[in-house]
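Heads up, the thing below is written out as structure tokens.
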Amino acid sequence: GCGICVHKCPFNAITIVNLPEELEEGCVHRYGVNGFALYRLPVLKEGMVVGILGPNGTGKTTAVRILSGEMIPNLCGSNDSWDNVIRMFRGNELQNYFEKLKEGNIKKVVKPQYVDLIPKVVKGKVRDLLQKADEKGILEKLVEELELSNILDREIQHLSGGELQRVAIAAAMARDADFYFFDEPSSYLDIRQRLKVARAIRKLAEEGKSVMVVEHDLAVLDYLSDIIHIVYGKPGAYGIFSMPKGTRVSINAFLEGYLPEENVRFRPYQIRFTKLSERHSQAGDVLVEYPRLVKDYGSFRLEAEGGELYKGEVVSIVGPNGIGKTTFVKMLAGVEEPTEGKVEWELKVSYKPQYIKADYEGTVYELLSKIDAAKLMSNFYKTELLNPLGIPELYDRAVNDLSGGELQRVAIAACLLRDADLYLLDEPSAYLDVEQRLAVSRAIRHLMEKNEKTALVVEHDVLMIDYISDRIMVFEGEPGKHGRALPPMGMREGMNRFLANVGITFRRDPDTGRPRANKEGSVKDREQKEIGEYYYVS
Ligand code: ADP
Ligand code: ADP
Ligand code: MG
């Protein structure tokens with residue numbers, strides 16, 4: 001078993017509470033007397049992308065503030081000099097780095113996590129912002145790589161989340177620095193954009209730069225990292241950077257919930273991906289047959305072919321941003337009237353919108369108990385939904401004061417607590433860290449299977465899509481102009497169709513079964529494209 005004492009953490013997982021003695025020496029920074037403590041630091045390597053994988057609140061940003069020279073770590077005491085830091089890291093790979101940092105010879109650039117805050121501090125046109133940042137004279141190349149040409153003359157204030165994200169990434173890459181840090185570069189982006197960004201970030205490393213990335217989409221993290229540090233601990237209390245390992249080994253260990261070198265189990269269960277052939281596609285009874293639906297906004301038109309949904313299945317909705325996924329879900333939810341066709345059914349529908357607002361005066365407990373007080377008490381819902389999503393810890397909080405990730409978890413719980421035949425969840429993984437995404441995926445799967453209900457889930461995270469889906473609905477067309485929704489189809493056919501549009505192939509990891517993106521032009525990539533199998537076979 002696990003060599004150290006364990007206790008339950010907010011996410012129903014197991015975390016260490018009594019730190020092993022040798023770790024006390026690795027205490028790098030503590031906020032205040034009993035505040036959050038950070039143990040060890042990630043390494044930085046020239047010419048490499050170092051990925052950081054772990055829950056929110058475990059010190060990732062703190063580590064970056066230290067490595068970027070913004071903050072001298074107090075070494076969990078009263079230290080205020082770099083010399084002591086250099087002494088502590090003597091013989092470590094970071095010694096050299098800290099020496100340079102002390103001399104002021106490190107220039108860093110940070111792409112912040114919350115890009116939606118950028119318009120509050122930066123005004124003006126996209127072009128001006130990027131020109132100011134362009135120390136390397138690579139603006140034109142970046143504009144092409146990140147597909148920014150259409151928005152160059154727009155005001156920052158008028159950009160969508162996905163556009164802000166790409167502008168922020170371009171601005172960071174245009175700067176001439178030694179150390180580049182990208183905090184969650186995939187938020188708001190669709191799969192194609194995520195992999196484009198990943199490629200652009202990898203290029204920085206190929207130019208010899210040190211790059212560090214925090215990322216919660218595991219397929220993207222896998223694709224862009226050379227090595228990965230897993231961070232574990234107790235969110236808000238302490239965080240420990242594990243030894244860096246290869247990308248594949250690290251992500252597999254993470255899914256396993258166990259770090260062999262440290263002998264630490266940080267989650268009581270492992271995550272496994274089932275073979276596509278084992279999904280119970282079309283096995284259940286038909287829940288509903290929905291008709292062809294059209295929505296015409298004038299400048300945008302969505303045409304959705306009719307289809308069938310089955311009881312007990314989860315269907316993922318995939319496609320680029322601006323293709324009409326939210327519009328479709330809104331029509332099924334009865335929020336938006338179709339221009340052609342009618343949603344006439346007796347079904348009870350529970351809907352979690354993409355953009356959630358905290359417009360409720362009261363606590364989380366009050367909100368949820370109004371939906372179904374009995375379910376809050378039931379062991380089934382505690383085990384399958386509430387505890388894994390960390391909801392009980394939020395019961396006394398005012399809904400208006402929740403952070404983005406907390407609000408998302410509450411909104412998902414509220415949606416799944418409602419009595420319904422059909423559950424519609426629009427981008428449930430937004431604002432969630434990787435541990436929470438896995439917990440949400442499991443909850444959706446188990447609840448639909450066990451209650452024989454149906455869920456439609458709009459999602460961009462490929463591991464989540466693979467984990468939860470029995471079938472898949474593909475949206476195609478020209479973003480912002482017209483979209484076409486195909487009927488739900490089997491995973492193999494659907495993923496092939498979808499990934500052919502995107503131009504990316506995936507293979508399956510032999511140990512965990514998780515999907516891994518092939519590098520563009522690699523042997524596997526070329527072979528799979530040739531035979532038209534974009535998603536792994538078997
Ligand atoms: P992550 O980036 O992994 O989400 P952070 O490094 O931002 O984690 O924060 C880790 C913990 O440290 C937070 O839960 C917070 O409680 C604490 N913390 C962060 N910044 C400060 C600060 N300036 N003062 C006191 N506590 C802080
Ligand atoms: P997705 O969810 O796939 O990103 P949406 O369904 O949100 O796409 O939007 C598809 C297109 O429809 C976008 O170009 C969007 O600007 C447009 N659109 C969405 N809602 C409205 C509306 N109420 N009026 C006009 N255009 C809209
Ligand atoms: Mg949407």
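Going by the structure tokens order, chains are called A, B, ..., each with residues numbered from 1, while ligands are numbered from 1 in the order shown.
With the cut-off set to 9 Å and only C-alpha atoms and all ligand atoms counted, the residues surrounding ligand 1 are Arg30, Tyr31, Gly32, Gly35, Phe36, Ala37, Leu38, Gly54, Pro55, Asn56, Gly57, Thr58, Gly59, Lys60, Thr61, Thr62, Ala63, Val64, Arg65, Asp183, Val214, Val231, Lys234, Pro235, Gly236, Ala237, Tyr238 and Gly239 of chain A.
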Could the residues in this selection be saved with N, CA and C atoms as a short mmCIF file (atom, residue, chain, number, x, y, z; two decimals), in the first residue's frame?
```
data_model
loop_
_atom_site.label_atom_id
_atom_site.label_comp_id
_atom_site.auth_asym_id
_atom_site.auth_seq_id
_atom_site.Cartn_x
_atom_site.Cartn_y
_atom_site.Cartn_z
N ARG A 30 6.04 29.33 1.75
CA ARG A 30 4.80 29.24 2.50
C ARG A 30 4.20 30.63 2.62
N TYR A 31 2.90 30.74 2.29
CA TYR A 31 2.21 32.02 2.44
C TYR A 31 1.74 32.14 3.89
N GLY A 32 2.34 33.02 4.68
CA GLY A 32 1.89 33.22 6.07
C GLY A 32 2.17 32.02 6.94
N GLY A 35 -0.27 29.19 6.16
CA GLY A 35 -0.79 29.29 4.80
C GLY A 35 -0.33 28.15 3.91
N PHE A 36 -0.71 28.26 2.67
CA PHE A 36 -0.36 27.25 1.66
C PHE A 36 1.16 27.07 1.56
N ALA A 37 1.61 25.83 1.48
CA ALA A 37 3.04 25.55 1.36
C ALA A 37 3.34 24.81 0.06
N LEU A 38 4.40 25.26 -0.60
CA LEU A 38 4.82 24.65 -1.86
C LEU A 38 6.10 23.85 -1.64
N GLY A 54 -1.90 18.94 -12.83
CA GLY A 54 -2.39 18.78 -11.47
C GLY A 54 -3.55 19.70 -11.19
N PRO A 55 -4.23 19.47 -10.05
CA PRO A 55 -5.43 20.26 -9.73
C PRO A 55 -5.12 21.73 -9.46
N ASN A 56 -6.16 22.55 -9.53
CA ASN A 56 -6.01 23.95 -9.16
C ASN A 56 -5.75 24.06 -7.66
N GLY A 57 -5.05 25.13 -7.27
CA GLY A 57 -4.80 25.37 -5.84
C GLY A 57 -3.66 24.57 -5.28
N THR A 58 -2.79 24.01 -6.13
CA THR A 58 -1.66 23.24 -5.61
C THR A 58 -0.32 23.91 -5.90
N GLY A 59 -0.33 25.20 -6.25
CA GLY A 59 0.92 25.94 -6.29
C GLY A 59 1.57 26.12 -7.64
N LYS A 60 0.84 25.85 -8.71
CA LYS A 60 1.44 25.98 -10.03
C LYS A 60 1.82 27.42 -10.32
N THR A 61 0.87 28.34 -10.06
CA THR A 61 1.15 29.76 -10.31
C THR A 61 2.25 30.27 -9.39
N THR A 62 2.23 29.81 -8.15
CA THR A 62 3.28 30.20 -7.19
C THR A 62 4.66 29.80 -7.72
N ALA A 63 4.76 28.57 -8.23
CA ALA A 63 6.03 28.10 -8.78
C ALA A 63 6.49 28.98 -9.94
N VAL A 64 5.54 29.36 -10.77
CA VAL A 64 5.90 30.19 -11.92
C VAL A 64 6.33 31.58 -11.47
N ARG A 65 5.67 32.11 -10.45
CA ARG A 65 6.08 33.43 -9.95
C ARG A 65 7.51 33.38 -9.42
N ASP A 183 -0.24 29.61 -19.24
CA ASP A 183 -1.16 29.08 -18.25
C ASP A 183 -2.49 28.76 -18.94
N VAL A 214 0.93 24.95 -18.21
CA VAL A 214 -0.09 24.30 -17.39
C VAL A 214 -1.28 24.04 -18.30
N VAL A 231 1.72 17.53 -10.20
CA VAL A 231 1.65 18.21 -8.90
C VAL A 231 0.53 17.55 -8.13
N LYS A 234 -2.93 18.89 -1.38
CA LYS A 234 -4.27 19.22 -0.94
C LYS A 234 -4.53 20.66 -1.37
N PRO A 235 -5.44 20.84 -2.34
CA PRO A 235 -5.67 22.20 -2.85
C PRO A 235 -5.89 23.21 -1.73
N GLY A 236 -5.17 24.32 -1.79
CA GLY A 236 -5.32 25.36 -0.78
C GLY A 236 -4.45 25.16 0.45
N ALA A 237 -3.93 23.92 0.65
CA ALA A 237 -3.12 23.64 1.85
C ALA A 237 -1.65 23.42 1.48
N TYR A 238 -1.39 22.51 0.59
CA TYR A 238 -0.02 22.33 0.14
C TYR A 238 0.02 21.63 -1.21
N GLY A 239 1.12 21.81 -1.90
CA GLY A 239 1.31 21.17 -3.20
C GLY A 239 2.74 20.69 -3.31
#
```
Exercise for the section: From range 328-520 of chain A, collect each residue whose DSSP state is alpha helix (DSSP H) and return the set as a PyMOL selection string. Expected result: chain A and resi 328-333+364-377+379-381+404-417+434-451+462-468+491-502
What are the nearest atom pairs, with distances in Å to one decimal, for all residues of range 470-536 of chain A that come at most 12 Å from range 241-255 of chain A, using only C-alpha atoms, set out by chain and rising residue number as a tab-separated table?
```
residue	atom	partner	partner_atom	distance
A:Arg508	CA	A:Arg248	CA	11.5
A:Asp509	CA	A:Arg248	CA	8.5
A:Pro510	CA	A:Asn252	CA	10.2
A:Asp511	CA	A:Asn252	CA	7.7
A:Thr512	CA	A:Asn252	CA	6.5
A:Gly513	CA	A:Asn252	CA	9.6
A:Arg514	CA	A:Asn252	CA	8.7
A:Pro515	CA	A:Arg248	CA	11.2
A:Arg516	CA	A:Arg248	CA	9.1
A:Ala517	CA	A:Arg248	CA	11.6
```
Exercise for the section: Considering only C-alpha atoms, state which residue in the set A:Val457, A:Asn451, A:Lys352, A:Pro119 is at the smallest distance from Glu384 in chain A. Expected result: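 Closest candidate: A:Asn451.
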Would you write out, as JSON lines, a table of all residues in chain A that have an atom no more than 12 Å from an atom of ligand 2, listing for each the closest atom pair and the distance in Å to one decimal, considering only C-alpha atoms and all ligand atoms and ordering rows by chain and rising residue number?
```
{"residue": "A:Leu159", "atom": "CA", "partner": "ligand 2", "partner_atom_place_in_ligand_line": "16 (O)", "distance": 11.6}
{"residue": "A:Ser160", "atom": "CA", "partner": "ligand 2", "partner_atom_place_in_ligand_line": "16 (O)", "distance": 9.7}
{"residue": "A:Gly161", "atom": "CA", "partner": "ligand 2", "partner_atom_place_in_ligand_line": "4 (O)", "distance": 10.8}
{"residue": "A:Gly162", "atom": "CA", "partner": "ligand 2", "partner_atom_place_in_ligand_line": "4 (O)", "distance": 9.8}
{"residue": "A:Tyr188", "atom": "CA", "partner": "ligand 2", "partner_atom_place_in_ligand_line": "4 (O)", "distance": 9.5}
{"residue": "A:Leu189", "atom": "CA", "partner": "ligand 2", "partner_atom_place_in_ligand_line": "4 (O)", "distance": 9.6}
{"residue": "A:Asp190", "atom": "CA", "partner": "ligand 2", "partner_atom_place_in_ligand_line": "4 (O)", "distance": 8.6}
{"residue": "A:Ile191", "atom": "CA", "partner": "ligand 2", "partner_atom_place_in_ligand_line": "4 (O)", "distance": 12.0}
{"residue": "A:Val294", "atom": "CA", "partner": "ligand 2", "partner_atom_place_in_ligand_line": "6 (O)", "distance": 11.9}
{"residue": "A:Lys295", "atom": "CA", "partner": "ligand 2", "partner_atom_place_in_ligand_line": "12 (O)", "distance": 9.0}
{"residue": "A:Asp296", "atom": "CA", "partner": "ligand 2", "partner_atom_place_in_ligand_line": "26 (N)", "distance": 8.4}
{"residue": "A:Tyr297", "atom": "CA", "partner": "ligand 2", "partner_atom_place_in_ligand_line": "25 (C)", "distance": 4.8}
{"residue": "A:Gly298", "atom": "CA", "partner": "ligand 2", "partner_atom_place_in_ligand_line": "25 (C)", "distance": 7.2}
{"residue": "A:Ser299", "atom": "CA", "partner": "ligand 2", "partner_atom_place_in_ligand_line": "26 (N)", "distance": 6.7}
{"residue": "A:Phe300", "atom": "CA", "partner": "ligand 2", "partner_atom_place_in_ligand_line": "12 (O)", "distance": 5.2}
{"residue": "A:Arg301", "atom": "CA", "partner": "ligand 2", "partner_atom_place_in_ligand_line": "12 (O)", "distance": 7.2}
{"residue": "A:Leu302", "atom": "CA", "partner": "ligand 2", "partner_atom_place_in_ligand_line": "10 (C)", "distance": 7.7}
{"residue": "A:Glu303", "atom": "CA", "partner": "ligand 2", "partner_atom_place_in_ligand_line": "10 (C)", "distance": 11.2}
{"residue": "A:Ala304", "atom": "CA", "partner": "ligand 2", "partner_atom_place_in_ligand_line": "6 (O)", "distance": 11.7}
{"residue": "A:Ile317", "atom": "CA", "partner": "ligand 2", "partner_atom_place_in_ligand_line": "3 (O)", "distance": 9.3}
{"residue": "A:Val318", "atom": "CA", "partner": "ligand 2", "partner_atom_place_in_ligand_line": "3 (O)", "distance": 8.3}
{"residue": "A:Gly319", "atom": "CA", "partner": "ligand 2", "partner_atom_place_in_ligand_line": "3 (O)", "distance": 6.6}
{"residue": "A:Pro320", "atom": "CA", "partner": "ligand 2", "partner_atom_place_in_ligand_line": "3 (O)", "distance": 6.1}
{"residue": "A:Asn321", "atom": "CA", "partner": "ligand 2", "partner_atom_place_in_ligand_line": "4 (O)", "distance": 3.7}
{"residue": "A:Gly322", "atom": "CA", "partner": "ligand 2", "partner_atom_place_in_ligand_line": "4 (O)", "distance": 3.6}
{"residue": "A:Ile323", "atom": "CA", "partner": "ligand 2", "partner_atom_place_in_ligand_line": "3 (O)", "distance": 3.9}
{"residue": "A:Gly324", "atom": "CA", "partner": "ligand 2", "partner_atom_place_in_ligand_line": "6 (O)", "distance": 3.1}
{"residue": "A:Lys325", "atom": "CA", "partner": "ligand 2", "partner_atom_place_in_ligand_line": "3 (O)", "distance": 3.8}
{"residue": "A:Thr326", "atom": "CA", "partner": "ligand 2", "partner_atom_place_in_ligand_line": "2 (O)", "distance": 3.6}
{"residue": "A:Thr327", "atom": "CA", "partner": "ligand 2", "partner_atom_place_in_ligand_line": "6 (O)", "distance": 3.7}
{"residue": "A:Phe328", "atom": "CA", "partner": "ligand 2", "partner_atom_place_in_ligand_line": "6 (O)", "distance": 6.6}
{"residue": "A:Val329", "atom": "CA", "partner": "ligand 2", "partner_atom_place_in_ligand_line": "6 (O)", "distance": 8.2}
{"residue": "A:Lys330", "atom": "CA", "partner": "ligand 2", "partner_atom_place_in_ligand_line": "6 (O)", "distance": 8.4}
{"residue": "A:Met331", "atom": "CA", "partner": "ligand 2", "partner_atom_place_in_ligand_line": "6 (O)", "distance": 10.1}
{"residue": "A:Val335", "atom": "CA", "partner": "ligand 2", "partner_atom_place_in_ligand_line": "23 (N)", "distance": 10.8}
{"residue": "A:Glu336", "atom": "CA", "partner": "ligand 2", "partner_atom_place_in_ligand_line": "23 (N)", "distance": 8.6}
{"residue": "A:Glu337", "atom": "CA", "partner": "ligand 2", "partner_atom_place_in_ligand_line": "23 (N)", "distance": 10.7}
{"residue": "A:Pro338", "atom": "CA", "partner": "ligand 2", "partner_atom_place_in_ligand_line": "23 (N)", "distance": 11.8}
{"residue": "A:Pro353", "atom": "CA", "partner": "ligand 2", "partner_atom_place_in_ligand_line": "2 (O)", "distance": 10.2}
{"residue": "A:Gln354", "atom": "CA", "partner": "ligand 2", "partner_atom_place_in_ligand_line": "2 (O)", "distance": 8.0}
{"residue": "A:Tyr355", "atom": "CA", "partner": "ligand 2", "partner_atom_place_in_ligand_line": "7 (O)", "distance": 10.1}
{"residue": "A:Leu425", "atom": "CA", "partner": "ligand 2", "partner_atom_place_in_ligand_line": "2 (O)", "distance": 11.6}
{"residue": "A:Asp426", "atom": "CA", "partner": "ligand 2", "partner_atom_place_in_ligand_line": "2 (O)", "distance": 8.1}
{"residue": "A:Glu427", "atom": "CA", "partner": "ligand 2", "partner_atom_place_in_ligand_line": "2 (O)", "distance": 8.9}
{"residue": "A:Val457", "atom": "CA", "partner": "ligand 2", "partner_atom_place_in_ligand_line": "2 (O)", "distance": 11.5}
{"residue": "A:Val458", "atom": "CA", "partner": "ligand 2", "partner_atom_place_in_ligand_line": "2 (O)", "distance": 8.1}
{"residue": "A:Glu459", "atom": "CA", "partner": "ligand 2", "partner_atom_place_in_ligand_line": "2 (O)", "distance": 9.9}
{"residue": "A:His460", "atom": "CA", "partner": "ligand 2", "partner_atom_place_in_ligand_line": "4 (O)", "distance": 10.6}
{"residue": "A:Val474", "atom": "CA", "partner": "ligand 2", "partner_atom_place_in_ligand_line": "3 (O)", "distance": 10.6}
{"residue": "A:Phe475", "atom": "CA", "partner": "ligand 2", "partner_atom_place_in_ligand_line": "3 (O)", "distance": 7.9}
{"residue": "A:Glu476", "atom": "CA", "partner": "ligand 2", "partner_atom_place_in_ligand_line": "3 (O)", "distance": 9.5}
{"residue": "A:Gly477", "atom": "CA", "partner": "ligand 2", "partner_atom_place_in_ligand_line": "3 (O)", "distance": 10.3}
{"residue": "A:Glu478", "atom": "CA", "partner": "ligand 2", "partner_atom_place_in_ligand_line": "14 (O)", "distance": 9.3}
{"residue": "A:Pro479", "atom": "CA", "partner": "ligand 2", "partner_atom_place_in_ligand_line": "14 (O)", "distance": 6.3}
{"residue": "A:Gly480", "atom": "CA", "partner": "ligand 2", "partner_atom_place_in_ligand_line": "14 (O)", "distance": 3.4}
{"residue": "A:Lys481", "atom": "CA", "partner": "ligand 2", "partner_atom_place_in_ligand_line": "14 (O)", "distance": 6.3}
{"residue": "A:His482", "atom": "CA", "partner": "ligand 2", "partner_atom_place_in_ligand_line": "11 (C)", "distance": 7.7}
{"residue": "A:Gly483", "atom": "CA", "partner": "ligand 2", "partner_atom_place_in_ligand_line": "10 (C)", "distance": 7.7}
{"residue": "A:Arg484", "atom": "CA", "partner": "ligand 2", "partner_atom_place_in_ligand_line": "3 (O)", "distance": 10.4}
{"residue": "A:Ala485", "atom": "CA", "partner": "ligand 2", "partner_atom_place_in_ligand_line": "3 (O)", "distance": 10.2}
```
Practice task
Using only C-alpha atoms, pick whichever of A:Lys123, A:Glu155, A:Met377, A:Ser210 has the shortest atom-to-atom distance to Tyr97 in chain A.
Solution key: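 Of A:Lys123, A:Glu155, A:Met377, A:Ser210, the one nearest Tyr97 in chain A, counting only C-alpha atoms, is A:Ser210.
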Problem - Counting only C-alpha atoms, the residue of A:Val121, A:Val28, A:Ala168, A:Ile504 that sits nearest Asp80 in chain A - result: A:Val28
Problem - Spatial neighbours of range 105-118 of chain A, max dist 6 Å, only C-alpha atoms, sep filter under 6 positions, as JSON, numbers by chain - result: {"A": [165, 177, 178, 179, 180, 181, 182, 183, 184]}
N, CA, C and O atoms of the current selection, written as a PDB file, in the first residue's frame:
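What landed in selection.pdb:
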```
ATOM      1  N   GLN A 165      -7.958  34.404 -26.418  1.00  0.00           N
ATOM      2  CA  GLN A 165      -6.942  33.396 -26.100  1.00  0.00           C
ATOM      3  C   GLN A 165      -5.847  33.384 -27.160  1.00  0.00           C
ATOM      4  O   GLN A 165      -4.657  33.423 -26.843  1.00  0.00           O
ATOM      5  N   ALA A 177      12.106  36.359 -25.338  1.00  0.00           N
ATOM      6  CA  ALA A 177      12.386  36.045 -23.939  1.00  0.00           C
ATOM      7  C   ALA A 177      13.174  34.748 -23.836  1.00  0.00           C
ATOM      8  O   ALA A 177      13.419  34.067 -24.833  1.00  0.00           O
ATOM      9  N   ASP A 178      13.596  34.424 -22.588  1.00  0.00           N
ATOM     10  CA  ASP A 178      14.293  33.156 -22.356  1.00  0.00           C
ATOM     11  C   ASP A 178      13.307  32.104 -21.864  1.00  0.00           C
ATOM     12  O   ASP A 178      13.414  30.930 -22.161  1.00  0.00           O
ATOM     13  N   PHE A 179      12.352  32.579 -21.057  1.00  0.00           N
ATOM     14  CA  PHE A 179      11.426  31.667 -20.399  1.00  0.00           C
ATOM     15  C   PHE A 179       9.994  32.055 -20.753  1.00  0.00           C
ATOM     16  O   PHE A 179       9.576  33.185 -20.509  1.00  0.00           O
ATOM     17  N   TYR A 180       9.273  31.133 -21.352  1.00  0.00           N
ATOM     18  CA  TYR A 180       7.881  31.375 -21.730  1.00  0.00           C
ATOM     19  C   TYR A 180       6.972  30.496 -20.892  1.00  0.00           C
ATOM     20  O   TYR A 180       7.199  29.280 -20.790  1.00  0.00           O
ATOM     21  N   PHE A 181       5.976  31.108 -20.316  1.00  0.00           N
ATOM     22  CA  PHE A 181       5.029  30.327 -19.539  1.00  0.00           C
ATOM     23  C   PHE A 181       3.614  30.529 -20.063  1.00  0.00           C
ATOM     24  O   PHE A 181       3.141  31.654 -20.187  1.00  0.00           O
ATOM     25  N   PHE A 182       2.935  29.423 -20.367  1.00  0.00           N
ATOM     26  CA  PHE A 182       1.555  29.483 -20.855  1.00  0.00           C
ATOM     27  C   PHE A 182       0.642  28.808 -19.843  1.00  0.00           C
ATOM     28  O   PHE A 182       0.749  27.610 -19.596  1.00  0.00           O
ATOM     29  N   ASP A 183      -0.240  29.612 -19.239  1.00  0.00           N
ATOM     30  CA  ASP A 183      -1.161  29.081 -18.248  1.00  0.00           C
ATOM     31  C   ASP A 183      -2.487  28.760 -18.944  1.00  0.00           C
ATOM     32  O   ASP A 183      -3.203  29.663 -19.371  1.00  0.00           O
ATOM     33  N   GLU A 184      -2.787  27.496 -19.100  1.00  0.00           N
ATOM     34  CA  GLU A 184      -4.018  27.011 -19.747  1.00  0.00           C
ATOM     35  C   GLU A 184      -4.271  27.624 -21.125  1.00  0.00           C
ATOM     36  O   GLU A 184      -5.230  28.365 -21.330  1.00  0.00           O
TER      37      GLU A 184
END
```
Handout entry: Those of range 8-220 of chain A in DSSP strand (DSSP E), formatted as a ChimeraX atom specification
Key = /A:8,14-16,27-30,37-39,48-53,108-111,179-183,210-214
Problem - Which residue of A:Asn79, A:Thr454, A:Asn150, A:Ser469 approaches Val167 in chain A most closely, using only C-alpha atoms - result: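 For Val167 in chain A, the nearest of the candidates is A:Asn150.
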Exercise for the section: One decimal, Å: what's the distance from CA of Leu347 in chain A over to CA of Thr383 in chain A, could you say? Expected result: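 About the pair CA of Leu347 in chain A and CA of Thr383 in chain A: they are 26.9 Å apart.
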Exercise for the section: Pick out the closest residue to ligand 3 from this set: A:Leu389, A:Ala430, A:Asn92, A:Asn518. Count only C-alpha atoms and all ligand atoms. Expected result: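 Of all the options, A:Ala430 lies closest to ligand 3.
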Practice task
Name all residues at most 9 Å from Val122 in chain A (count only C-alpha atoms; drop same-chain ones fewer than 5 positions away) and give them as JSON, numbers by chain.
Solution key: {"A": [129, 156, 157]}
Can those selected residues be exported to a file as a compact mmCIF listing (two decimals), in the first residue's frame so that it contains C-alpha atoms?
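Contents of selection.txt, as written:
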```
# COMPACT_ATOMS: atom_id res chain seq x y z
CA LEU A 129 -1.38 45.32 -29.34
CA ILE A 156 -9.90 44.00 -27.84
CA GLN A 157 -13.22 44.71 -26.09
```
Handout entry: Within 12 Å of Ile72 in chain A using only C-alpha atoms, minus same-chain residues under 2 positions, as a list in words
Key = Val28, His29, Arg30, Thr62, Ala63, Val64, Arg65, Ile66, Leu67, Ser68, Gly69, Glu70, Asn74, Leu75, Cys76, Gly77, Ser78, Asn79, Asp80, Ser81, Trp82, Asp83, Asn84, Val85, Ile86, Phe98, Leu101 and Lys102 of chain A
Restricted to N, CA and C atoms, what would the selected residues look like written as a short mmCIF file (atom, residue, chain, number, x, y, z; two decimals), in the first residue's frame?
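This is the output file out-v9.cif:
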```cif
data_model
loop_
_atom_site.label_atom_id
_atom_site.label_comp_id
_atom_site.auth_asym_id
_atom_site.auth_seq_id
_atom_site.Cartn_x
_atom_site.Cartn_y
_atom_site.Cartn_z
N VAL A 28 9.62 25.10 -0.22
CA VAL A 28 10.17 26.22 -0.98
C VAL A 28 9.51 27.54 -0.60
N HIS A 29 8.21 27.50 -0.41
CA HIS A 29 7.53 28.75 -0.06
C HIS A 29 6.27 28.48 0.73
N ARG A 30 6.04 29.33 1.75
CA ARG A 30 4.80 29.24 2.50
C ARG A 30 4.20 30.63 2.62
N THR A 62 2.23 29.81 -8.15
CA THR A 62 3.28 30.20 -7.19
C THR A 62 4.66 29.80 -7.72
N ALA A 63 4.76 28.57 -8.23
CA ALA A 63 6.03 28.10 -8.78
C ALA A 63 6.49 28.98 -9.94
N VAL A 64 5.54 29.36 -10.77
CA VAL A 64 5.90 30.19 -11.92
C VAL A 64 6.33 31.58 -11.47
N ARG A 65 5.67 32.11 -10.45
CA ARG A 65 6.08 33.43 -9.95
C ARG A 65 7.51 33.38 -9.42
N ILE A 66 7.89 32.26 -8.84
CA ILE A 66 9.26 32.11 -8.35
C ILE A 66 10.24 31.98 -9.52
N LEU A 67 9.90 31.09 -10.45
CA LEU A 67 10.82 30.85 -11.57
C LEU A 67 10.97 32.07 -12.47
N SER A 68 9.96 32.93 -12.47
CA SER A 68 10.07 34.10 -13.33
C SER A 68 10.73 35.26 -12.61
N GLY A 69 11.11 35.03 -11.36
CA GLY A 69 11.85 36.06 -10.62
C GLY A 69 10.95 37.13 -10.02
N GLU A 70 9.65 36.91 -10.11
CA GLU A 70 8.70 37.89 -9.59
C GLU A 70 8.69 37.87 -8.07
N ASN A 74 10.38 32.27 0.26
CA ASN A 74 10.86 32.45 1.65
C ASN A 74 11.43 31.17 2.25
N LEU A 75 11.48 30.11 1.46
CA LEU A 75 11.99 28.82 1.92
C LEU A 75 11.30 28.38 3.20
N CYS A 76 10.05 28.75 3.31
CA CYS A 76 9.20 28.40 4.45
C CYS A 76 9.75 28.94 5.77
N GLY A 77 10.49 30.01 5.66
CA GLY A 77 10.99 30.69 6.84
C GLY A 77 10.96 32.18 6.54
N SER A 78 12.08 32.86 6.81
CA SER A 78 12.08 34.31 6.59
C SER A 78 13.07 34.71 5.50
N ASN A 79 13.41 33.76 4.62
CA ASN A 79 14.40 34.07 3.59
C ASN A 79 13.96 35.21 2.67
N ASP A 80 14.92 36.10 2.35
CA ASP A 80 14.61 37.12 1.35
C ASP A 80 15.77 37.33 0.38
N SER A 81 16.66 36.33 0.24
CA SER A 81 17.76 36.52 -0.71
C SER A 81 17.88 35.34 -1.66
N TRP A 82 18.24 35.67 -2.91
CA TRP A 82 18.43 34.63 -3.92
C TRP A 82 19.60 33.72 -3.56
N ASP A 83 20.59 34.26 -2.82
CA ASP A 83 21.77 33.43 -2.49
C ASP A 83 21.35 32.18 -1.73
N ASN A 84 20.45 32.34 -0.78
CA ASN A 84 19.99 31.17 -0.02
C ASN A 84 19.22 30.19 -0.90
N VAL A 85 18.50 30.76 -1.86
CA VAL A 85 17.76 29.89 -2.78
C VAL A 85 18.74 29.09 -3.62
N ILE A 86 19.79 29.79 -4.10
CA ILE A 86 20.80 29.12 -4.91
C ILE A 86 21.47 28.02 -4.09
N PHE A 98 18.80 29.81 -11.31
CA PHE A 98 18.63 30.83 -10.27
C PHE A 98 19.80 31.82 -10.24
N LEU A 101 19.04 34.21 -12.87
CA LEU A 101 17.88 34.99 -12.46
C LEU A 101 18.32 36.10 -11.50
N LYS A 102 19.24 35.75 -10.59
CA LYS A 102 19.75 36.71 -9.61
C LYS A 102 20.47 37.86 -10.32
#
```
Selection near Cys415 in chain A, 7 Å with only C-alpha atoms, sequence-local residues under 4 positions removed, as an mmCIF file with C-alpha atoms, in the first residue's frame:
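around_27.cif was written with the following content:
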```cif
data_model
loop_
_atom_site.group_PDB
_atom_site.id
_atom_site.type_symbol
_atom_site.label_atom_id
_atom_site.label_comp_id
_atom_site.auth_asym_id
_atom_site.auth_seq_id
_atom_site.Cartn_x
_atom_site.Cartn_y
_atom_site.Cartn_z
ATOM 1 C CA SER A 350 -32.527 19.440 -17.969
ATOM 2 C CA TYR A 351 -30.133 21.961 -19.519
ATOM 3 C CA LYS A 352 -26.772 23.391 -18.461
ATOM 4 C CA ALA A 411 -24.302 24.131 -12.411
#
```
